[in-house]
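Shown next: input-v2.tsv, containing TSV, C-alpha atoms and all ligand atoms.
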chain	number	residue	atom	x	y	z
F	1406	MET	CA	0.00	0.00	0.00
F	1407	ASN	CA	1.25	3.52	-0.81
F	1408	ALA	CA	1.98	5.74	2.17
F	1409	PRO	CA	-0.44	8.67	2.33
F	1410	SER	CA	1.19	11.75	0.83
F	1411	GLU	CA	1.56	15.06	2.69
F	1412	PRO	CA	-1.89	16.69	3.27
F	1413	LYS	CA	-2.45	19.64	0.96
F	1414	ILE	CA	-4.85	22.57	0.75
F	1415	GLY	CA	-6.54	23.66	-2.46
F	1416	ILE	CA	-8.23	26.97	-3.27
F	1417	LEU	CA	-10.83	27.11	-6.04
F	1418	LEU	CA	-11.97	30.51	-7.29
F	1419	VAL	CA	-15.35	30.22	-9.03
F	1420	ASN	CA	-17.26	32.68	-11.17
F	1421	LEU	CA	-20.45	32.32	-13.16
F	1422	GLY	CA	-19.20	31.09	-16.51
F	1423	THR	CA	-19.22	32.37	-20.00
F	1424	PRO	CA	-19.42	31.05	-23.57
F	1425	ASP	CA	-16.32	29.62	-25.29
F	1426	ALA	CA	-16.88	31.86	-28.31
F	1427	THR	CA	-19.43	34.36	-29.60
F	1428	ASP	CA	-21.01	32.23	-32.35
F	1429	PHE	CA	-24.63	31.07	-32.08
F	1430	TRP	CA	-23.87	27.49	-30.99
F	1431	SER	CA	-21.26	28.37	-28.39
F	1432	VAL	CA	-23.57	30.94	-26.79
F	1433	ARG	CA	-26.50	28.54	-27.03
F	1434	ARG	CA	-24.56	25.76	-25.27
F	1435	TYR	CA	-23.66	28.13	-22.43
F	1436	LEU	CA	-27.16	29.59	-22.09
F	1437	LYS	CA	-28.71	26.11	-22.16
F	1438	GLU	CA	-26.62	24.92	-19.22
F	1439	PHE	CA	-27.09	28.17	-17.28
F	1440	LEU	CA	-30.81	28.63	-17.88
F	1441	SER	CA	-31.60	24.94	-17.24
F	1442	ASP	CA	-30.52	25.34	-13.62
F	1443	PRO	CA	-33.71	25.28	-11.50
F	1444	ARG	CA	-32.13	27.74	-9.06
F	1445	VAL	CA	-31.73	30.28	-11.87
F	1446	ILE	CA	-35.18	29.79	-13.36
F	1447	GLU	CA	-37.56	28.68	-10.63
F	1448	ALA	CA	-40.58	28.14	-12.92
F	1449	PRO	CA	-41.88	24.54	-13.04
F	1450	ARG	CA	-39.85	22.42	-15.47
F	1451	TRP	CA	-42.89	21.37	-17.53
F	1452	LEU	CA	-43.54	25.04	-18.24
F	1453	TRP	CA	-39.99	26.39	-18.54
F	1454	LEU	CA	-38.21	23.69	-20.57
F	1455	PRO	CA	-40.43	24.06	-23.67
F	1456	ILE	CA	-40.10	27.86	-23.47
F	1457	LEU	CA	-36.34	27.54	-23.05
F	1458	ASN	CA	-35.84	25.09	-25.91
F	1459	LEU	CA	-38.40	26.40	-28.37
F	1460	ILE	CA	-38.15	30.15	-27.83
F	1461	VAL	CA	-35.22	31.35	-25.69
F	1462	LEU	CA	-32.55	29.10	-27.21
F	1463	THR	CA	-33.64	29.86	-30.75
F	1464	THR	CA	-33.62	33.64	-30.34
F	1465	ARG	CA	-31.37	34.72	-27.48
F	1466	PRO	CA	-28.01	33.19	-28.58
F	1467	ALA	CA	-27.83	35.49	-31.62
F	1468	ARG	CA	-28.68	38.59	-29.56
F	1469	SER	CA	-26.37	37.70	-26.69
F	1470	GLY	CA	-23.66	36.61	-29.15
F	1471	LYS	CA	-23.70	40.11	-30.61
F	1472	ALA	CA	-23.30	41.62	-27.14
F	1473	TYR	CA	-20.42	39.23	-26.38
F	1474	ALA	CA	-18.78	39.99	-29.74
F	1475	SER	CA	-18.73	43.68	-28.88
F	1476	ILE	CA	-16.59	43.06	-25.78
F	1477	TRP	CA	-14.65	39.90	-26.79
F	1478	ASN	CA	-10.84	40.19	-26.32
F	1479	ARG	CA	-11.42	43.46	-24.45
F	1480	ILE	CA	-9.46	42.22	-21.42
F	1481	GLY	CA	-6.89	39.61	-22.45
F	1482	GLU	CA	-8.04	36.89	-24.82
F	1483	GLY	CA	-11.68	35.86	-25.36
F	1484	SER	CA	-14.29	36.37	-22.68
F	1485	PRO	CA	-13.35	39.12	-20.22
F	1486	LEU	CA	-14.94	37.16	-17.36
F	1487	ARG	CA	-12.72	34.16	-18.08
F	1488	ALA	CA	-9.57	36.27	-18.63
F	1489	VAL	CA	-10.06	38.19	-15.38
F	1490	THR	CA	-10.84	35.11	-13.29
F	1491	GLN	CA	-7.71	33.44	-14.64
F	1492	ALA	CA	-5.65	36.55	-13.85
F	1493	GLN	CA	-7.06	36.66	-10.31
F	1494	ALA	CA	-6.10	33.01	-9.77
F	1495	LYS	CA	-2.59	33.62	-11.13
F	1496	LYS	CA	-2.02	36.55	-8.78
F	1497	LEU	CA	-3.44	34.62	-5.85
F	1498	ALA	CA	-1.06	31.73	-6.63
F	1499	ALA	CA	1.90	34.13	-6.71
F	1500	TRP	CA	0.82	35.68	-3.41
F	1501	VAL	CA	0.54	32.25	-1.84
F	1502	ALA	CA	3.92	31.19	-3.28
F	1503	ALA	CA	5.47	34.30	-1.71
F	1504	GLY	CA	4.69	32.73	1.67
F	1505	ASN	CA	1.85	35.02	2.74
F	1506	LEU	CA	-0.18	32.17	4.24
F	1507	GLY	CA	2.52	30.07	5.85
F	1508	ALA	CA	1.21	26.98	4.05
F	1509	GLN	CA	1.34	26.60	0.24
F	1510	PRO	CA	-2.20	25.90	-1.01
F	1511	ILE	CA	-2.67	25.04	-4.68
F	1512	THR	CA	-4.79	27.62	-6.50
F	1513	GLU	CA	-7.24	26.81	-9.28
F	1514	TRP	CA	-10.11	28.64	-10.98
F	1515	GLY	CA	-13.30	27.31	-12.49
F	1516	MET	CA	-16.65	28.29	-13.91
F	1517	ARG	CA	-20.09	27.30	-12.64
F	1518	TYR	CA	-21.40	26.96	-16.19
F	1519	GLY	CA	-19.18	26.18	-19.17
F	1520	LYS	CA	-15.46	25.55	-18.94
F	1521	PRO	CA	-13.32	24.86	-16.99
F	1522	SER	CA	-15.91	23.14	-14.83
F	1523	ILE	CA	-15.93	22.91	-11.06
F	1524	ALA	CA	-15.91	19.07	-11.26
F	1525	GLU	CA	-12.81	19.08	-13.47
F	1526	LYS	CA	-10.96	21.42	-11.11
F	1527	LEU	CA	-11.96	19.50	-7.98
F	1528	ASP	CA	-10.71	16.30	-9.63
F	1529	ARG	CA	-7.43	18.01	-10.40
F	1530	LEU	CA	-7.04	19.32	-6.84
F	1531	THR	CA	-7.82	15.96	-5.24
F	1532	ALA	CA	-5.58	14.14	-7.76
F	1533	VAL	CA	-2.59	16.14	-6.56
F	1534	GLY	CA	-3.43	15.29	-2.97
F	1535	CYS	CA	-5.57	18.20	-1.70
F	1536	ASP	CA	-7.60	16.90	1.20
F	1537	ARG	CA	-8.90	20.33	2.25
F	1538	ILE	CA	-10.40	22.67	-0.28
F	1539	LEU	CA	-11.50	26.28	0.07
F	1540	ILE	CA	-14.21	27.19	-2.44
F	1541	PHE	CA	-14.44	30.89	-3.23
F	1542	PRO	CA	-17.67	31.90	-5.06
F	1543	LEU	CA	-16.75	35.30	-6.47
F	1544	TYR	CA	-20.09	36.89	-5.61
F	1545	PRO	CA	-19.93	39.67	-3.01
F	1546	GLN	CA	-23.71	39.46	-2.44
F	1547	TYR	CA	-25.32	36.09	-1.75
F	1548	SER	CA	-28.07	34.81	-4.00
F	1549	ALA	CA	-29.49	31.32	-4.38
F	1550	THR	CA	-29.17	31.92	-8.13
F	1551	THR	CA	-25.39	32.31	-7.92
F	1552	THR	CA	-23.65	31.46	-4.60
F	1553	ALA	CA	-25.85	28.45	-3.82
F	1554	THR	CA	-25.41	27.00	-7.29
F	1555	VAL	CA	-21.66	26.83	-6.67
F	1556	GLY	CA	-22.31	24.71	-3.57
F	1557	ASP	CA	-24.65	22.51	-5.62
F	1558	ALA	CA	-21.97	21.85	-8.26
F	1559	VAL	CA	-19.30	21.19	-5.63
F	1560	PHE	CA	-21.49	18.72	-3.74
F	1561	ALA	CA	-22.52	17.01	-6.99
F	1562	ALA	CA	-18.82	16.49	-7.81
F	1563	LEU	CA	-18.12	15.17	-4.31
F	1564	GLU	CA	-20.99	12.69	-4.65
F	1565	LYS	CA	-18.81	10.77	-7.13
F	1566	MET	CA	-15.74	10.63	-4.90
F	1567	ARG	CA	-14.84	7.71	-2.68
F	1568	VAL	CA	-12.44	9.88	-0.69
F	1569	GLN	CA	-13.89	13.34	-0.25
F	1570	PRO	CA	-11.82	16.39	0.71
F	1571	ALA	CA	-12.86	18.57	3.67
F	1572	LEU	CA	-14.54	21.73	2.43
F	1573	ARG	CA	-14.91	25.36	3.33
F	1574	ILE	CA	-16.91	27.91	1.33
F	1575	VAL	CA	-16.11	31.61	1.54
F	1576	PRO	CA	-19.28	33.45	2.60
F	1577	ALA	CA	-20.61	36.46	0.72
F	1578	TYR	CA	-18.94	39.71	1.76
F	1579	PRO	CA	-21.41	42.54	1.02
F	1580	ASP	CA	-20.15	44.94	3.71
F	1581	ASP	CA	-16.71	43.59	4.41
F	1582	PRO	CA	-14.56	46.67	5.23
F	1583	VAL	CA	-11.69	45.59	2.95
F	1584	TYR	CA	-14.15	45.15	0.05
F	1585	ILE	CA	-15.83	48.52	0.67
F	1586	ALA	CA	-12.47	50.29	1.01
F	1587	ALA	CA	-11.31	48.66	-2.25
F	1588	LEU	CA	-14.44	49.84	-4.07
F	1589	ALA	CA	-14.14	53.38	-2.68
F	1590	GLN	CA	-10.47	53.55	-3.68
F	1591	SER	CA	-11.24	52.23	-7.16
F	1592	TYR	CA	-13.87	54.97	-7.58
F	1593	ARG	CA	-11.43	57.69	-6.43
F	1594	ASP	CA	-8.63	56.43	-8.68
F	1595	PHE	CA	-10.98	56.29	-11.65
F	1596	ALA	CA	-12.63	59.67	-11.00
F	1597	GLY	CA	-9.12	61.18	-10.90
F	1598	THR	CA	-8.56	60.11	-14.52
F	1599	LEU	CA	-11.77	61.70	-15.88
F	1600	SER	CA	-11.95	64.90	-17.90
F	1601	PHE	CA	-15.21	65.85	-16.14
F	1602	VAL	CA	-16.40	66.13	-12.55
F	1603	PRO	CA	-19.10	63.52	-11.86
F	1604	ASP	CA	-22.33	64.95	-10.44
F	1605	THR	CA	-23.85	61.50	-9.81
F	1606	LEU	CA	-22.58	58.03	-9.00
F	1607	LEU	CA	-24.97	55.25	-9.96
F	1608	VAL	CA	-24.31	51.91	-8.25
F	1609	SER	CA	-25.81	49.19	-10.45
F	1610	PHE	CA	-26.26	45.57	-9.35
F	1611	HIS	CA	-27.32	42.57	-11.41
F	1612	GLY	CA	-31.07	42.12	-11.02
F	1613	LEU	CA	-33.16	39.25	-9.70
F	1614	PRO	CA	-36.85	38.39	-10.15
F	1615	GLN	CA	-38.81	40.14	-7.38
F	1616	SER	CA	-40.58	36.86	-6.60
F	1617	TYR	CA	-37.26	35.21	-5.61
F	1618	ALA	CA	-36.66	37.99	-3.10
F	1619	ASP	CA	-40.23	37.65	-1.84
F	1620	ARG	CA	-39.53	33.96	-1.19
F	1621	GLY	CA	-36.50	34.79	0.93
F	1622	ASP	CA	-33.46	35.33	-1.27
F	1623	PRO	CA	-31.38	37.79	0.80
F	1624	TYR	CA	-29.73	39.30	-2.31
F	1625	PRO	CA	-31.53	42.70	-2.29
F	1626	GLN	CA	-30.69	43.32	1.38
F	1627	GLN	CA	-27.07	42.44	0.70
F	1628	CYS	CA	-26.96	44.82	-2.29
F	1629	THR	CA	-28.39	47.54	-0.06
F	1630	ALA	CA	-25.72	46.80	2.56
F	1631	THR	CA	-22.98	47.25	-0.06
F	1632	PHE	CA	-24.61	50.37	-1.44
F	1633	THR	CA	-25.07	51.99	1.99
F	1634	ALA	CA	-21.49	51.29	3.08
F	1635	LEU	CA	-20.06	52.48	-0.24
F	1636	ALA	CA	-22.17	55.65	-0.31
F	1637	ALA	CA	-20.98	56.45	3.24
F	1638	ALA	CA	-17.34	55.84	2.24
F	1639	LEU	CA	-17.73	58.18	-0.76
F	1640	ALA	CA	-19.84	60.84	0.96
F	1641	ASN	CA	-17.10	63.46	0.48
F	1642	ASP	CA	-16.26	62.41	-3.08
F	1643	VAL	CA	-19.51	62.66	-5.04
F	1644	LYS	CA	-22.73	64.62	-4.56
F	1645	LEU	CA	-25.47	62.14	-5.38
F	1646	THR	CA	-25.30	58.36	-5.11
F	1647	LYS	CA	-28.11	56.18	-6.46
F	1648	MET	CA	-28.73	52.46	-6.65
F	1649	SER	CA	-30.37	50.36	-9.38
F	1650	PHE	CA	-30.64	46.84	-10.83
F	1651	GLN	CA	-29.77	45.79	-14.38
F	1652	SER	CA	-29.98	42.75	-16.69
F	1653	ARG	CA	-33.69	42.04	-16.46
F	1654	PHE	CA	-34.49	38.74	-18.19
F	1655	GLY	CA	-38.01	37.90	-19.33
F	1656	ARG	CA	-41.25	39.73	-18.65
F	1657	ALA	CA	-41.72	39.19	-14.90
F	1658	GLU	CA	-41.07	41.98	-12.43
F	1659	TRP	CA	-37.44	42.19	-11.29
F	1660	LEU	CA	-35.85	44.20	-8.49
F	1661	LYS	CA	-36.40	47.91	-9.06
F	1662	PRO	CA	-35.43	50.55	-10.00
F	1663	TYR	CA	-34.11	49.29	-13.31
F	1664	THR	CA	-30.74	50.71	-14.35
F	1665	ALA	CA	-31.96	51.59	-17.86
F	1666	ASP	CA	-34.85	53.63	-16.38
F	1667	MET	CA	-32.57	55.24	-13.81
F	1668	VAL	CA	-29.97	56.54	-16.27
F	1669	GLN	CA	-32.75	58.07	-18.36
F	1670	SER	CA	-34.51	59.70	-15.43
F	1671	LEU	CA	-31.21	61.07	-14.08
F	1672	ALA	CA	-30.52	62.64	-17.48
F	1673	ARG	CA	-34.05	64.08	-17.63
F	1674	GLU	CA	-33.60	65.54	-14.13
F	1675	GLY	CA	-30.63	67.46	-15.51
F	1676	ARG	CA	-27.74	65.29	-14.37
F	1677	LYS	CA	-25.09	65.74	-17.04
F	1678	ASN	CA	-22.05	63.87	-15.71
F	1679	LEU	CA	-22.72	60.32	-14.67
F	1680	VAL	CA	-20.36	57.65	-13.39
F	1681	VAL	CA	-21.62	54.09	-13.02
F	1682	MET	CA	-20.13	51.41	-10.81
F	1683	ALA	CA	-21.07	47.72	-10.57
F	1684	PRO	CA	-19.72	46.37	-7.26
F	1685	GLY	CA	-21.65	43.10	-7.50
F	1686	PHE	CA	-19.35	41.89	-10.28
F	1687	ALA	CA	-15.93	40.71	-9.12
F	1688	ALA	CA	-14.86	40.73	-12.76
F	1689	ASP	CA	-15.79	42.76	-15.79
F	1690	CYS	CA	-18.06	40.84	-18.12
F	1691	VAL	CA	-20.74	41.29	-20.73
F	1692	GLU	CA	-23.04	42.84	-18.10
F	1693	THR	CA	-20.61	45.65	-17.27
F	1694	LEU	CA	-18.72	46.15	-20.53
F	1695	GLU	CA	-21.72	45.90	-22.83
F	1696	GLU	CA	-24.92	46.51	-20.87
F	1697	ILE	CA	-23.58	49.26	-18.61
F	1698	ASP	CA	-20.84	50.80	-20.67
F	1699	ILE	CA	-22.40	50.62	-24.14
F	1700	GLU	CA	-26.17	50.21	-23.84
F	1701	ASN	CA	-26.85	52.45	-20.85
F	1702	ARG	CA	-24.39	55.11	-22.06
F	1703	HIS	CA	-26.59	55.33	-25.15
F	1704	PHE	CA	-29.80	55.63	-23.04
F	1705	PHE	CA	-28.23	58.36	-20.88
F	1706	ARG	CA	-27.07	60.41	-23.86
F	1707	GLU	CA	-30.36	60.03	-25.71
F	1708	ALA	CA	-32.18	61.39	-22.67
F	1709	GLY	CA	-29.97	64.49	-22.54
F	1710	GLY	CA	-26.97	63.38	-20.46
F	1711	VAL	CA	-23.51	64.48	-21.60
F	1712	ASN	CA	-20.59	62.72	-19.90
F	1713	TYR	CA	-20.79	59.05	-18.96
F	1714	ALA	CA	-18.12	56.70	-17.60
F	1715	THR	CA	-18.04	53.22	-16.09
F	1716	VAL	CA	-15.65	52.35	-13.25
F	1717	PRO	CA	-13.82	49.08	-14.04
F	1718	CYS	CA	-14.70	46.21	-11.71
F	1719	LEU	CA	-12.14	45.34	-9.04
F	1720	ASN	CA	-10.82	42.57	-11.33
F	1721	ASP	CA	-7.17	41.69	-10.61
F	1722	SER	CA	-6.28	45.26	-9.60
F	1723	VAL	CA	-4.27	45.85	-6.42
F	1724	GLU	CA	-7.55	46.70	-4.62
F	1725	GLY	CA	-9.37	43.71	-6.09
F	1726	MET	CA	-6.63	41.30	-5.08
F	1727	SER	CA	-6.50	42.80	-1.58
F	1728	VAL	CA	-10.11	41.64	-1.13
F	1729	ILE	CA	-9.34	38.12	-2.37
F	1730	TYR	CA	-6.18	37.82	-0.22
F	1731	HIS	CA	-8.02	39.08	2.85
F	1732	LEU	CA	-10.92	36.65	2.49
F	1733	VAL	CA	-8.70	33.68	1.64
F	1734	ALA	CA	-6.42	34.34	4.62
F	1735	ARG	CA	-9.40	34.74	6.94
F	1736	GLU	CA	-11.19	31.61	5.75
F	1737	LEU	CA	-8.07	29.41	5.83
F	1738	GLN	CA	-7.41	30.12	9.50
F	1739	GLY	CA	-6.84	26.90	11.38
F	1740	TRP	CA	-5.93	25.08	8.15
F	1741	THR	CA	-2.75	27.00	7.41
F	1801	LIG	C1	-33.25	34.45	-14.65
F	1801	LIG	C2	-32.10	34.72	-15.16
F	1801	LIG	C3	-30.92	35.23	-14.42
F	1801	LIG	C4	-30.70	35.40	-13.06
F	1801	LIG	C5	-31.61	35.13	-11.90
F	1801	LIG	C6	-29.37	35.91	-12.91
F	1801	LIG	C7	-28.74	36.24	-11.70
F	1801	LIG	C8	-27.44	36.73	-11.57
F	1801	LIG	N1	-26.46	36.76	-12.54
F	1801	LIG	C9	-25.30	37.30	-12.03
F	1801	LIG	C10	-24.08	37.50	-12.70
F	1801	LIG	C11	-23.90	37.41	-14.08
F	1801	LIG	N2	-24.87	37.17	-15.02
F	1801	LIG	C12	-24.29	37.18	-16.28
F	1801	LIG	C13	-24.93	36.94	-17.48
F	1801	LIG	C14	-26.25	36.53	-17.63
F	1801	LIG	N3	-27.23	36.45	-16.66
F	1801	LIG	C15	-28.38	35.95	-17.20
F	1801	LIG	C16	-29.58	35.64	-16.52
F	1801	LIG	C17	-29.73	35.65	-15.11
F	1801	LIG	N4	-28.84	36.04	-14.16
F	1801	LIG	C18	-28.13	35.71	-18.59
F	1801	LIG	C19	-29.13	35.14	-19.57
F	1801	LIG	C20	-26.80	36.07	-18.85
F	1801	LIG	C21	-26.03	35.91	-20.18
F	1801	LIG	C22	-25.94	37.12	-20.95
F	1801	LIG	C23	-27.23	37.42	-21.62
F	1801	LIG	O1	-27.70	36.60	-22.42
F	1801	LIG	O2	-27.80	38.49	-21.31
F	1801	LIG	C24	-22.88	37.45	-16.13
F	1801	LIG	C25	-21.87	37.65	-17.25
F	1801	LIG	C26	-21.36	36.38	-17.92
F	1801	LIG	C27	-20.34	36.67	-18.99
F	1801	LIG	O3	-20.07	35.74	-19.74
F	1801	LIG	O4	-19.82	37.77	-19.16
F	1801	LIG	C28	-22.63	37.59	-14.77
F	1801	LIG	C29	-21.31	37.82	-14.10
F	1801	LIG	C30	-25.54	37.62	-10.67
F	1801	LIG	C31	-24.54	38.24	-9.72
F	1801	LIG	C32	-26.86	37.27	-10.37
F	1801	LIG	C33	-27.52	37.42	-9.05
F	1801	LIG	C34	-28.63	38.00	-8.81
F	1802	FE	FE	-26.96	36.91	-14.64
F	1803	FE	FE	-27.30	41.87	-19.52

Reformat the file's structure so that it appears as structure tokens.
Amino acid sequence: MNAPSEPKIGILLVNLGTPDATDFWSVRRYLKEFLSDPRVIEAPRWLWLPILNLIVLTTRPARSGKAYASIWNRIGEGSPLRAVTQAQAKKLAAWVAAGNLGAQPITEWGMRYGKPSIAEKLDRLTAVGCDRILIFPLYPQYSATTTATVGDAVFAALEKMRVQPALRIVPAYPDDPVYIAALAQSYRDFAGTLSFVPDTLLVSFHGLPQSYADRGDPYPQQCTATFTALAAALANDVKLTKMSFQSRFGRAEWLKPYTADMVQSLAREGRKNLVVMAPGFAADCVETLEEIDIENRHFFREAGGVNYATVPCLNDSVEGMSVIYHLVARELQGWT
């Protein structure tokens, strides 16, 4: 019998997932996996699956593919979400290798939908001997539609293992002081590069069907916690701070106010110089680079606004990595 090898710790950074390419079939494959998850679409399967297969997956891939094409290769190669997540994992690995944790965990990154999958990365970590794994869902605000689905995929992968690793999952961090300070600093650094003085900061979060919140998803409260802490941190930096929700999908009511309505009403109220920030996204992606920076810029200008700028997400910036290091170090206590 082989002697057991030295126990090892693994860290797995996880984000939502993204298509492999912008063509119809690549986007369709991604949307099919994502929108088949019953946590993402809570409607009964008998009702949703025909709508998904007959309507959504015949029409949406072309539309979404166009949005993806407009931001493809914008940050590194291919999907910005994938490029940024990979860069975050690389910097985390370097930070770990520099001895910042005492122990030397092995760092990996994966995607909840699409590639590289959580199952593949857990197999890789356990194959090299990791018997303790820290899962890091890169969602600052908890939602069953995002954070919980990461747990689901992790547990599904563990179901197939004879020897399971011990697990820890980093909790959501909506008002963590290091996160809020990183966001505030990223706003200040960005505002310092602008050729105009912002009169309004709009803080836009990804939306959620209102019915999910009514049934107990704590996401809206966690978005409000982030917004309140960030607005307090920036009280001396910008006059008016507003909050809204973007990315509505389908016809049901989602969390309000909608970002598209908000940018138009701000412009109509006479706000000329708008900066938008999206602190719910740990990485820039189609939602920030296309929906916020392209689509909503257009709405704002059409309604009479003049200057419009989008703060980059924390990504793998110094501030962004400080949040990841802080949470990893905190959650590995007792293991390292
Ligand atoms: C019912 C549908 C959706 C829910 C609920 C939802 C929640 C949700 N999503 C994010 C983060 C991201 N979503 C992204 C893309 C995206 N989201 C939906 C639908 C729902 N999201 C779709 C259909 C798409 C694909 C793009 C499109 O077709 O419009 C992304 C970006 C992925 C990328 O590749 O760039 C992120 C990130 C959160 C935080 C959230 C929680 C409420
Ligand atoms: Fe989404
Ligand atoms: Fe969107």

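Atom pair atom CA of F:Asn1505 / atom CA of F:Ala1734 has a distance of 8.5 Å (rounded to one decimal).
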
Exercise for the section: Could you jot down the atom CA of F:Arg1537 to atom CA of F:Leu1506 separation for me, Å, one decimal place? Expected result: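 So the two atoms, atom CA of F:Arg1537 and atom CA of F:Leu1506, lie 14.8 Å apart.
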
Practice task
Fewer than 6 positions away in the same chain doesn't count, so skip those; otherwise give me all residues within 10 Å of F:Ser1616, counting all atoms listed in the file, as a VMD selection string.
Solution key: chain F and resid 1447 1622 1657 to 1660

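Proximity of F:Leu1457, F:Met1667, F:Ile1697, F:Val1691 to ligand FE 1802 (chain F), computed with all atoms listed in the file, is greatest for F:Val1691.
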
Chain F residues near ligand FE 1802 (chain F) within 9 Å, closest pair each, using all atoms listed in the file, as JSON lines:
{"residue": "F:Leu1421", "atom": "CA", "partner": "F:FE1802", "partner_atom": "FE", "distance": 8.1}
{"residue": "F:Val1445", "atom": "CA", "partner": "F:FE1802", "partner_atom": "FE", "distance": 8.6}
{"residue": "F:Thr1550", "atom": "CA", "partner": "F:FE1802", "partner_atom": "FE", "distance": 8.5}
{"residue": "F:Thr1551", "atom": "CA", "partner": "F:FE1802", "partner_atom": "FE", "distance": 8.3}
{"residue": "F:His1611", "atom": "CA", "partner": "F:FE1802", "partner_atom": "FE", "distance": 6.5}
{"residue": "F:Gly1612", "atom": "CA", "partner": "F:FE1802", "partner_atom": "FE", "distance": 7.6}
{"residue": "F:Leu1613", "atom": "CA", "partner": "F:FE1802", "partner_atom": "FE", "distance": 8.3}
{"residue": "F:Ser1652", "atom": "CA", "partner": "F:FE1802", "partner_atom": "FE", "distance": 6.9}
{"residue": "F:Arg1653", "atom": "CA", "partner": "F:FE1802", "partner_atom": "FE", "distance": 8.7}
{"residue": "F:Phe1654", "atom": "CA", "partner": "F:FE1802", "partner_atom": "FE", "distance": 8.5}
{"residue": "F:Glu1692", "atom": "CA", "partner": "F:FE1802", "partner_atom": "FE", "distance": 7.9}

Would you output that residue set with C-alpha atoms, as a PDB file, keeping the file's coordinate frame?
ATOM      1  CA  LEU F1421     -20.450  32.320 -13.160  1.00  0.00           C
ATOM      2  CA  VAL F1445     -31.730  30.280 -11.870  1.00  0.00           C
ATOM      3  CA  THR F1550     -29.170  31.920  -8.130  1.00  0.00           C
ATOM      4  CA  THR F1551     -25.390  32.310  -7.920  1.00  0.00           C
ATOM      5  CA  HIS F1611     -27.320  42.570 -11.410  1.00  0.00           C
ATOM      6  CA  GLY F1612     -31.070  42.120 -11.020  1.00  0.00           C
ATOM      7  CA  LEU F1613     -33.160  39.250  -9.700  1.00  0.00           C
ATOM      8  CA  SER F1652     -29.980  42.750 -16.690  1.00  0.00           C
ATOM      9  CA  ARG F1653     -33.690  42.040 -16.460  1.00  0.00           C
ATOM     10  CA  PHE F1654     -34.490  38.740 -18.190  1.00  0.00           C
ATOM     11  CA  GLU F1692     -23.040  42.840 -18.100  1.00  0.00           C
TER      12      GLU F1692
END

Problem - Separation of atom CA of F:Ile1460 from atom CA of F:Ala1448 in Å - result: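 Between these atoms lies a distance of 15.2 Å.
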
Practice task
Rank F:Cys1535, F:Leu1417, F:Leu1530, F:Ala1472 by their smallest atom-to-atom distance to ligand FE 1803 (chain F), using all atoms listed in the file, and report the top residue only.
Solution key: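 Among the listed residues, F:Ala1472 lies closest to ligand FE 1803 (chain F).
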
Report as AutoDock Vina command-line options the centre and the edge lengths, in Å to one decimal, of the axis-aligned box holding every listed atom of ligand LIG 1801 (chain F), padded by 6 Å on each side.
--center_x -26.5 --center_y 36.5 --center_z -15.6 --size_x 25.4 --size_y 16.0 --size_z 25.6

Handout entry: Using only C-alpha atoms and all ligand atoms: which of F:Pro1623, F:Met1516, F:Lys1471, F:Gln1590 has the shortest distance to ligand FE 1803 (chain F)
Key =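 The shortest atom-to-atom distance to ligand FE 1803 (chain F) comes from F:Lys1471.
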
Problem - Residue nearest F:Glu1696 - candidates F:Phe1595, F:Tyr1713, F:Tyr1617, F:Tyr1473, atoms counted: only C-alpha atoms - result: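 Checking each of F:Phe1595, F:Tyr1713, F:Tyr1617, F:Tyr1473 against F:Glu1696, counting only C-alpha atoms, the winner is F:Tyr1473.
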
Determine, using only C-alpha atoms, which residues of stretch 1495-1535 of chain F have any atom at most 12 Å from an atom of stretch 1736-1740 of chain F, and tabulate each with its shortest atom pair and distance in Å to one decimal place, rows ordered by chain and then rising number, as CSV.
residue,atom,partner,partner_atom,distance
F:Val1501,CA,F:Leu1737,CA,11.9
F:Asn1505,CA,F:Leu1737,CA,11.8
F:Leu1506,CA,F:Leu1737,CA,8.5
F:Gly1507,CA,F:Trp1740,CA,10.1
F:Ala1508,CA,F:Trp1740,CA,8.4
F:Gln1509,CA,F:Trp1740,CA,10.9
F:Pro1510,CA,F:Leu1737,CA,9.7

Practice task
Just the residues within 8 Å of stretch 1568-1583 of chain F, please, counting all atoms listed in the file, with nothing from its chain fewer than 5 positions along; format it as a list of chain:residue names.
Solution key: F:Thr1531, F:Cys1535, F:Asp1536, F:Arg1537, F:Ile1538, F:Leu1539, F:Ile1540, F:Phe1541, F:Pro1542, F:Tyr1544, F:Pro1545, F:Gln1546, F:Tyr1547, F:Thr1552, F:Gly1556, F:Leu1563, F:Gln1627, F:Cys1628, F:Ala1630, F:Thr1631, F:Ala1634, F:Ser1727, F:Val1728, F:His1731, F:Leu1732, F:Val1733, F:Glu1736

Exercise for the section: Mind checking which residues fall within 12 Å of F:Val1533, counting all atoms listed in the file, ignoring those fewer than 5 positions away in the same chain, and posting them as a list in words? Expected result: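 Counting all atoms listed in the file, the residues come to Pro1409, Ser1410, Glu1411, Pro1412, Lys1413, Ile1414, Gly1415, Pro1510, Ile1511, Thr1512, Glu1513, Lys1526, Leu1527, Asp1528, Ile1538 and Pro1570 of chain F.
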
Restricting it to C-alpha atoms, dump the selection as a CSV table (one decimal), in the frame of the given file.
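Here's the written file out33.csv:
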chain,number,residue,atom,x,y,z
F,1409,PRO,CA,-0.4,8.7,2.3
F,1410,SER,CA,1.2,11.8,0.8
F,1411,GLU,CA,1.6,15.1,2.7
F,1412,PRO,CA,-1.9,16.7,3.3
F,1413,LYS,CA,-2.4,19.6,1.0
F,1414,ILE,CA,-4.8,22.6,0.8
F,1415,GLY,CA,-6.5,23.7,-2.5
F,1510,PRO,CA,-2.2,25.9,-1.0
F,1511,ILE,CA,-2.7,25.0,-4.7
F,1512,THR,CA,-4.8,27.6,-6.5
F,1513,GLU,CA,-7.2,26.8,-9.3
F,1526,LYS,CA,-11.0,21.4,-11.1
F,1527,LEU,CA,-12.0,19.5,-8.0
F,1528,ASP,CA,-10.7,16.3,-9.6
F,1538,ILE,CA,-10.4,22.7,-0.3
F,1570,PRO,CA,-11.8,16.4,0.7
